[in-house]
Amino acid sequence: MEEFPLELSSQIEKGRYANFPRTVEAAGRVFMLGYEECAPDYIIERNDFPFWTLEFVAGGHGFYQERNQQRRLRHGAVFTYGPHVAQRFGNERERPFRKYFMVSGGAEFPSVWRDAGLLPGRMVQLGNAVPIVSVFGQMLDEGARSDAQTPQIVAGLEEVLLALMARHKGTARGDKSGSRKVYDLSMDILQRDYRTLHSLSDLAKRSGYSGEYLCRIFKKYHGESPYQVLLHRKMSAAWLLLRDGQLQVGAVARELGYEDQLHFSRTFRKVMGCTPSSVQTRG
């Protein structure tokens, strides 16, 4: 059974984790990664935590207590905590969190996190969450391999992750408009149901808004069409399934709603820049 350097919350229904050796040379580097699907009653309340931690909400809704202000957590929210920083956050019972986290081994707040615009005990809202999900998934996948190249690859992916956070930081701050609420609702549906969504019209039916309107608000808040976001979400999931090596290409295609394996392979290559079989070969 794999051992973890930190005690994991009992309020987690499903999780995936990876950890790395903590050495003097690796001080200040990420030594643990995780993905968690939280229970309806998930809440964290504590006055301290021994390590600096970055959390990223990939789905669900909840709250984060930032000093004297309670802020709303939704997909795309990033917050940090650590030594001498009080923590109080949790999810709504009806919409529990799906979230990623990474833990740093340094005594000081990581300078690379600060360079990306993150501050200890503070929350930021990203305007585009999809590429962050993809990179976290790759980091976890690489962490599970644990070969000689793993530390270098994970460090490189962390650099990419932080650059993406810096790029998209604050693009949605303070927006409480009706269009933002529709965007949030639609992104929640897309992130949760991407396996069974096949087109813009599918998303329009489930959200209750027209495809034309969804395209306008996605362009405003995301810079891409809803269909492009859906494709990236599907192909990121496909990449992880292929690297896991448990399913053949045809089975992965069917898992993501593609009956035509050739169509799936062409789409995967266009979005990810490589063929599905090459991902399996590297795995």
# chains A, B, ... in the order shown; residues from 1 in each chain; ligands from 1

call {"tool": "residues_around", "arguments": {"residues": "Ile44 in chain A", "least_positions_apart": "4", "cutoff": "8 Å", "atoms": "only C-alpha atoms", "output": "list of chain:residue names"}}
result
A:Gln87, A:Arg88, A:Phe89, A:Gly90

call {"tool": "residues_around", "arguments": {"residues": "Ala18 in chain A", "least_positions_apart": "3", "cutoff": "7 Å", "atoms": "only C-alpha atoms", "output": "list in words"}}
result
Met32, Leu33, Gly34, Leu140, Gly143 and Ala144 of chain A

call {"tool": "closest_atom_pairs", "arguments": {"of": "range 112-162 of chain A", "to": "range 54-59 of chain A", "cutoff": "9 Å", "atoms": "only C-alpha atoms", "output": "Markdown table"}}
result
| residue | atom | partner | partner_atom | distance |
| --- | --- | --- | --- | --- |
| A:Trp113 | CA | A:Leu54 | CA | 8.8 |
| A:Ala129 | CA | A:Ala58 | CA | 7.1 |
| A:Val130 | CA | A:Ala58 | CA | 8.4 |
| A:Ile132 | CA | A:Phe56 | CA | 8.5 |
| A:Val133 | CA | A:Ala58 | CA | 6.8 |

call {"tool": "write_last_selection", "arguments": {"atoms": "N, CA and C atoms", "output": "PDB file, in the first residue's frame"}}
result
ATOM      1  N   TRP A 113       5.465  30.381  -6.766  1.00  0.00           N
ATOM      2  CA  TRP A 113       4.031  30.636  -6.632  1.00  0.00           C
ATOM      3  C   TRP A 113       3.781  32.139  -6.552  1.00  0.00           C
ATOM      4  N   ALA A 129     -10.145  27.444 -16.831  1.00  0.00           N
ATOM      5  CA  ALA A 129      -9.707  26.352 -15.965  1.00  0.00           C
ATOM      6  C   ALA A 129      -9.295  25.103 -16.728  1.00  0.00           C
ATOM      7  N   VAL A 130      -9.703  24.960 -17.981  1.00  0.00           N
ATOM      8  CA  VAL A 130      -9.508  23.704 -18.711  1.00  0.00           C
ATOM      9  C   VAL A 130      -8.035  23.310 -18.845  1.00  0.00           C
ATOM     10  N   ILE A 132      -5.576  24.017 -16.968  1.00  0.00           N
ATOM     11  CA  ILE A 132      -5.040  23.703 -15.647  1.00  0.00           C
ATOM     12  C   ILE A 132      -5.365  22.256 -15.278  1.00  0.00           C
ATOM     13  N   VAL A 133      -6.600  21.835 -15.566  1.00  0.00           N
ATOM     14  CA  VAL A 133      -7.010  20.447 -15.319  1.00  0.00           C
ATOM     15  C   VAL A 133      -6.103  19.491 -16.079  1.00  0.00           C
TER      16      VAL A 133
END

call {"tool": "closest_residue", "arguments": {"among": "A:Ser104, A:Ser111, A:Gln138, A:Asn128", "to": "Arg74 in chain A", "atoms": "only C-alpha atoms"}}
result
A:Asn128

call {"tool": "closest_atom_pairs", "arguments": {"of": "range 39-112 of chain A", "to": "range 8-16 of chain A", "cutoff": "8 Å", "atoms": "only C-alpha atoms", "output": "CSV"}}
result
residue,atom,partner,partner_atom,distance
A:Ala39,CA,A:Gln11,CA,5.3
A:Asp41,CA,A:Gln11,CA,7.2
A:Tyr42,CA,A:Gln11,CA,5.4
A:Ile43,CA,A:Gln11,CA,7.9

call {"tool": "select_by_dssp", "arguments": {"residues": "range 19-81 of chain A", "states": "strand (DSSP E)", "output": "MDAnalysis selection string"}}
result
chainID A and resid 19 30:38 43:46 52:59 62:66 69:73 77:81

call {"tool": "write_last_selection", "arguments": {"atoms": "N, CA and C atoms", "output": "short mmCIF file (atom, residue, chain, number, x, y, z; two decimals), in the first residue's frame"}}
result
data_model
loop_
_atom_site.label_atom_id
_atom_site.label_comp_id
_atom_site.auth_asym_id
_atom_site.auth_seq_id
_atom_site.Cartn_x
_atom_site.Cartn_y
_atom_site.Cartn_z
N ASN A 19 3.42 11.02 -4.47
CA ASN A 19 4.36 11.75 -3.63
C ASN A 19 5.78 11.41 -4.02
N VAL A 30 7.73 20.69 -4.94
CA VAL A 30 6.51 19.94 -4.67
C VAL A 30 6.86 18.50 -4.30
N PHE A 31 6.34 18.03 -3.17
CA PHE A 31 6.61 16.65 -2.79
C PHE A 31 5.34 15.80 -2.73
N MET A 32 4.16 16.42 -2.98
CA MET A 32 2.93 15.63 -3.01
C MET A 32 1.93 16.29 -3.94
N LEU A 33 1.22 15.46 -4.71
CA LEU A 33 0.16 15.90 -5.61
C LEU A 33 -1.09 15.08 -5.31
N GLY A 34 -2.25 15.65 -5.61
CA GLY A 34 -3.47 14.89 -5.40
C GLY A 34 -4.65 15.39 -6.19
N TYR A 35 -5.58 14.47 -6.44
CA TYR A 35 -6.89 14.80 -7.00
C TYR A 35 -7.92 14.18 -6.08
N GLU A 36 -8.94 14.98 -5.69
CA GLU A 36 -9.94 14.48 -4.75
C GLU A 36 -11.35 14.84 -5.18
N GLU A 37 -12.26 13.91 -4.98
CA GLU A 37 -13.68 14.14 -5.13
C GLU A 37 -14.27 14.11 -3.72
N CYS A 38 -14.79 15.23 -3.28
CA CYS A 38 -15.13 15.43 -1.87
C CYS A 38 -16.54 14.96 -1.54
N ILE A 43 -15.58 19.87 4.77
CA ILE A 43 -15.20 21.18 5.31
C ILE A 43 -13.87 21.03 6.05
N ILE A 44 -13.00 22.03 5.91
CA ILE A 44 -11.72 22.07 6.58
C ILE A 44 -11.69 23.30 7.48
N GLU A 45 -11.38 23.09 8.76
CA GLU A 45 -11.26 24.18 9.72
C GLU A 45 -10.05 23.92 10.60
N ARG A 46 -9.01 24.72 10.46
CA ARG A 46 -7.82 24.56 11.28
C ARG A 46 -7.05 25.88 11.30
N TRP A 52 3.25 24.38 2.80
CA TRP A 52 2.55 25.27 1.88
C TRP A 52 1.82 24.44 0.83
N THR A 53 0.55 24.74 0.68
CA THR A 53 -0.33 23.95 -0.18
C THR A 53 -1.10 24.86 -1.13
N LEU A 54 -1.20 24.42 -2.38
CA LEU A 54 -1.98 25.12 -3.40
C LEU A 54 -3.13 24.20 -3.79
N GLU A 55 -4.35 24.73 -3.75
CA GLU A 55 -5.53 23.96 -4.13
C GLU A 55 -6.21 24.62 -5.32
N PHE A 56 -6.69 23.78 -6.24
CA PHE A 56 -7.36 24.25 -7.46
C PHE A 56 -8.69 23.54 -7.59
N VAL A 57 -9.77 24.31 -7.66
CA VAL A 57 -11.12 23.73 -7.76
C VAL A 57 -11.46 23.48 -9.22
N ALA A 58 -11.62 22.21 -9.57
CA ALA A 58 -11.96 21.83 -10.94
C ALA A 58 -13.46 21.70 -11.16
N GLY A 59 -14.23 21.60 -10.07
CA GLY A 59 -15.67 21.48 -10.18
C GLY A 59 -16.31 21.60 -8.81
N GLY A 62 -18.46 26.16 -3.36
CA GLY A 62 -18.28 26.23 -1.93
C GLY A 62 -17.81 27.59 -1.50
N PHE A 63 -17.07 27.65 -0.38
CA PHE A 63 -16.61 28.93 0.15
C PHE A 63 -15.17 28.81 0.63
N TYR A 64 -14.51 29.97 0.73
CA TYR A 64 -13.16 30.06 1.28
C TYR A 64 -13.10 31.31 2.15
N GLN A 65 -12.70 31.13 3.39
CA GLN A 65 -12.59 32.26 4.31
C GLN A 65 -11.22 32.91 4.13
N GLU A 66 -11.21 34.10 3.52
CA GLU A 66 -9.97 34.84 3.30
C GLU A 66 -9.92 35.99 4.30
N GLN A 69 -13.12 37.96 5.13
CA GLN A 69 -14.05 37.92 4.00
C GLN A 69 -14.29 36.48 3.57
N GLN A 70 -15.56 36.11 3.39
CA GLN A 70 -15.89 34.79 2.86
C GLN A 70 -16.08 34.89 1.37
N ARG A 71 -15.28 34.15 0.61
CA ARG A 71 -15.31 34.22 -0.84
C ARG A 71 -15.88 32.93 -1.42
N ARG A 72 -16.49 33.05 -2.57
CA ARG A 72 -17.12 31.91 -3.21
C ARG A 72 -16.08 31.10 -3.98
N LEU A 73 -16.12 29.79 -3.81
CA LEU A 73 -15.26 28.89 -4.57
C LEU A 73 -16.08 28.22 -5.66
N ALA A 77 -11.12 28.34 -9.26
CA ALA A 77 -10.59 29.04 -8.08
C ALA A 77 -9.29 28.38 -7.62
N VAL A 78 -8.33 29.21 -7.24
CA VAL A 78 -7.05 28.75 -6.72
C VAL A 78 -6.82 29.44 -5.38
N PHE A 79 -6.44 28.69 -4.35
CA PHE A 79 -6.11 29.31 -3.08
C PHE A 79 -4.95 28.57 -2.43
N THR A 80 -4.25 29.26 -1.54
CA THR A 80 -3.07 28.70 -0.90
C THR A 80 -3.16 28.87 0.61
N TYR A 81 -2.48 27.98 1.32
CA TYR A 81 -2.41 28.07 2.77
C TYR A 81 -1.16 27.34 3.24
#

call {"tool": "select_by_dssp", "arguments": {"residues": "range 174-226 of chain A", "states": "helix (DSSP H, G or I)", "output": "number ranges by chain"}}
result
A: 178-193, 200-207, 211-221, 226

call {"tool": "atom_distance", "arguments": {"atom1": "CA of Gly137 in chain A", "atom2": "CA of Leu240 in chain A"}}
result
7.0 Å

call {"tool": "residues_around", "arguments": {"residues": "Arg145 in chain A", "least_positions_apart": "4", "cutoff": "12 Å", "atoms": "only C-alpha atoms", "output": "number ranges by chain"}}
result
A: 17-20, 138-141, 149-151, 153-154, 243-244, 282-283
